[in-house]
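These notes concern the structure reproduced below.
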Amino acid sequence: MSLFPGPLNLRDLLDVLLVAFLIYQGYLLVVGTRAANVVRGILVFAGVWVAAQVLGLTTLSELLGRAGTVGLFALVVLFQPELRAALERVGRPRGRETGPSGAALQDLARALERLAERKTGALIAIERRTPLGEYAATGVALDAVISVPFLEALFARNAPLHDGGVIVQGSRVVAAGCLFPLQSSDGTYRRYGTRHRAAIGLSELTDAVVLVASEERGSMRIALAGRLGPDLNGSELREQLRALVYDRADLTGELPVAPAPRPGGREAERRAPEAEGPAGGPGLSTPTEPPAGTPPGSGQAGPPPERGGA
Ligand SMILES: Nc1ncnc2c1ncn2[C@@H]1O[C@H](COP(=O)(O)OP(=O)(O)OP(=O)(O)O)[C@@H](O)[C@H]1O
């Protein structure tokens, strides 16, 4: 039996193109989120199921077929936040995907630098394709132009909105005092405090770029795709922000510069998890490897200077 029973007409072509378009859109929706790994798993599962069918392994194909049906329901429950975000994105008006302007990015980086220098804790999520509306709704709605003094005032120790995270959409701060989901996938980042784990947690569920200034260590880091990057200095922070927001590094979900942690010392021990990430990779005992999936050459920028801290 041939794949196409009759000659290929325009309607078939349109059909194929629409399916290809839908698959591509589906890919764009999941890429950079924790759902991407699950999609890969489903593809492997489907591959085995098809192979079992082709080879006539009836028991196996029957078993996988039934497991697949149950699995579909499980996926809907498991990925409810992602599905909601995906639908929100589909229904979102066009033209809202513009990220922060160059000046806004500079101000974000400068503000984080100043906050970190003064050991004032800060948590800032920059929205990219995944809408952060549901997390913004947990805080106080704002509509403010990004500026260094404004961000410093927001996170100042006794300020009413200093607790929780700030959400940036385009060049505006749209919410403050927001509750982000805590990192959940495994125990990799267990030793970090809740601010860092909230940054990792949000980046695990969305494609947001999440900036953290540590109150305890005075350090600055970026969380992306469920992983916490290394300590950054001001120029590294600016460079990464530019790459993530303008160079569409979001399509790979990778931190463009992820210097390998150095072995030895308490600092290395604290940094060790970033060499691992939830996707697996070397264990804590071998902290010199770059994170799994780091693009070639990305470690060539060399490790940032050591900082003091806890
Ligand atoms: N789920 C959350 N969403 C947003 N912000 C949170 C969340 N959990 C904690 N925070 C923020 O983190 C602060 C506590 O930070 P904590 O000291 O536990 O974390 P940390 O990662 O060690 O950070 P630091 O290095 O700055 O001390 C809280 O006061 C609050 O502002």
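Just so we're on the same page: first chain in the structure tokens is A, next is B, and so on; residues restart at 1 for each chain, and ligands are numbered from 1 in the order they show up.
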For chain A against ligand 1, with a cut-off of 8 Å and counting only C-alpha atoms and all ligand atoms, what is the closest atom pair and its distance in Å to one decimal for every residue that makes the cut, ordered by chain and number, as CSV?
residue,atom,partner,partner_atom_place_in_ligand_line,distance
A:Lys119,CA,ligand 1,26 (O),7.8
A:Thr120,CA,ligand 1,26 (O),7.2
A:Gly121,CA,ligand 1,26 (O),4.4
A:Ala122,CA,ligand 1,26 (O),7.0
A:Leu123,CA,ligand 1,5 (N),6.7
A:His162,CA,ligand 1,31 (O),6.3
A:Asp163,CA,ligand 1,31 (O),3.4
A:Gly164,CA,ligand 1,5 (N),3.2
A:Gly165,CA,ligand 1,4 (C),4.6
A:Gly177,CA,ligand 1,4 (C),7.1
A:Cys178,CA,ligand 1,4 (C),5.7
A:Leu179,CA,ligand 1,3 (N),3.6
A:Phe180,CA,ligand 1,3 (N),3.7
A:Pro181,CA,ligand 1,1 (N),5.2
A:Leu182,CA,ligand 1,1 (N),5.3
A:Tyr192,CA,ligand 1,21 (O),5.3
A:Gly193,CA,ligand 1,21 (O),3.2
A:Thr194,CA,ligand 1,18 (O),4.1
A:Arg195,CA,ligand 1,12 (O),3.6
A:His196,CA,ligand 1,21 (O),3.9
A:Arg197,CA,ligand 1,21 (O),6.3
A:Ala198,CA,ligand 1,1 (N),4.8
A:Ala199,CA,ligand 1,3 (N),7.5
A:Val212,CA,ligand 1,26 (O),7.7
A:Ala213,CA,ligand 1,26 (O),6.2
A:Ser214,CA,ligand 1,26 (O),3.4
A:Glu215,CA,ligand 1,26 (O),3.5
A:Glu216,CA,ligand 1,25 (O),4.3
A:Arg217,CA,ligand 1,25 (O),5.8
A:Gly218,CA,ligand 1,25 (O),7.5
A:Ser219,CA,ligand 1,25 (O),7.9
Region 82-197 of chain A: which residues are strand (DSSP E or B) by DSSP, as a VMD selection string? chain A and resid 122 to 126 140 to 145 165 to 169 172 to 178
One decimal, Å: what's the distance from CA of Ala109 (chain A) over to CA of Ala225 (chain A), could you say?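 If I compute the distance from CA of Ala109 (chain A) to CA of Ala225 (chain A), I get 19.7 Å.
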What does the structure give for the distance between CA of Val70 (chain A) and CA of Ile42 (chain A), in Å to one decimal?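 Taking CA of Val70 (chain A) and CA of Ile42 (chain A), their separation equals 12.8 Å.
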Determine, counting only C-alpha atoms, which protein, DNA and RNA residues have an atom within 7 Å of an atom of Leu211 (chain A); residues of the same chain fewer than 5 positions away are not included. Present the result as a VMD selection string. chain A and resid 123 to 125 221 to 223
Which residues in region 174-246 of chain A does DSSP call alpha helix (DSSP H)? List them as an MDAnalysis selection string. chainID A and resid 194:205 234:245
What does the distance between CA of Gly68 (chain A) and CA of Gly226 (chain A) come to in Å, to one decimal place? 26.5 Å
Nearest to Thr69 (chain A): which of A:Asp12, A:Ala86, A:Ala111, A:Ala46 is it, counting only C-alpha atoms?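 Using only C-alpha atoms, Thr69 (chain A) sits closest to A:Ala46.
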Between A:Tyr246, A:Asn37, A:Glu113, A:Arg172, which has the minimum distance to Asp231 (chain A) (counting only C-alpha atoms)?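 Distance minimum relative to Asp231 (chain A) lands on A:Glu113.
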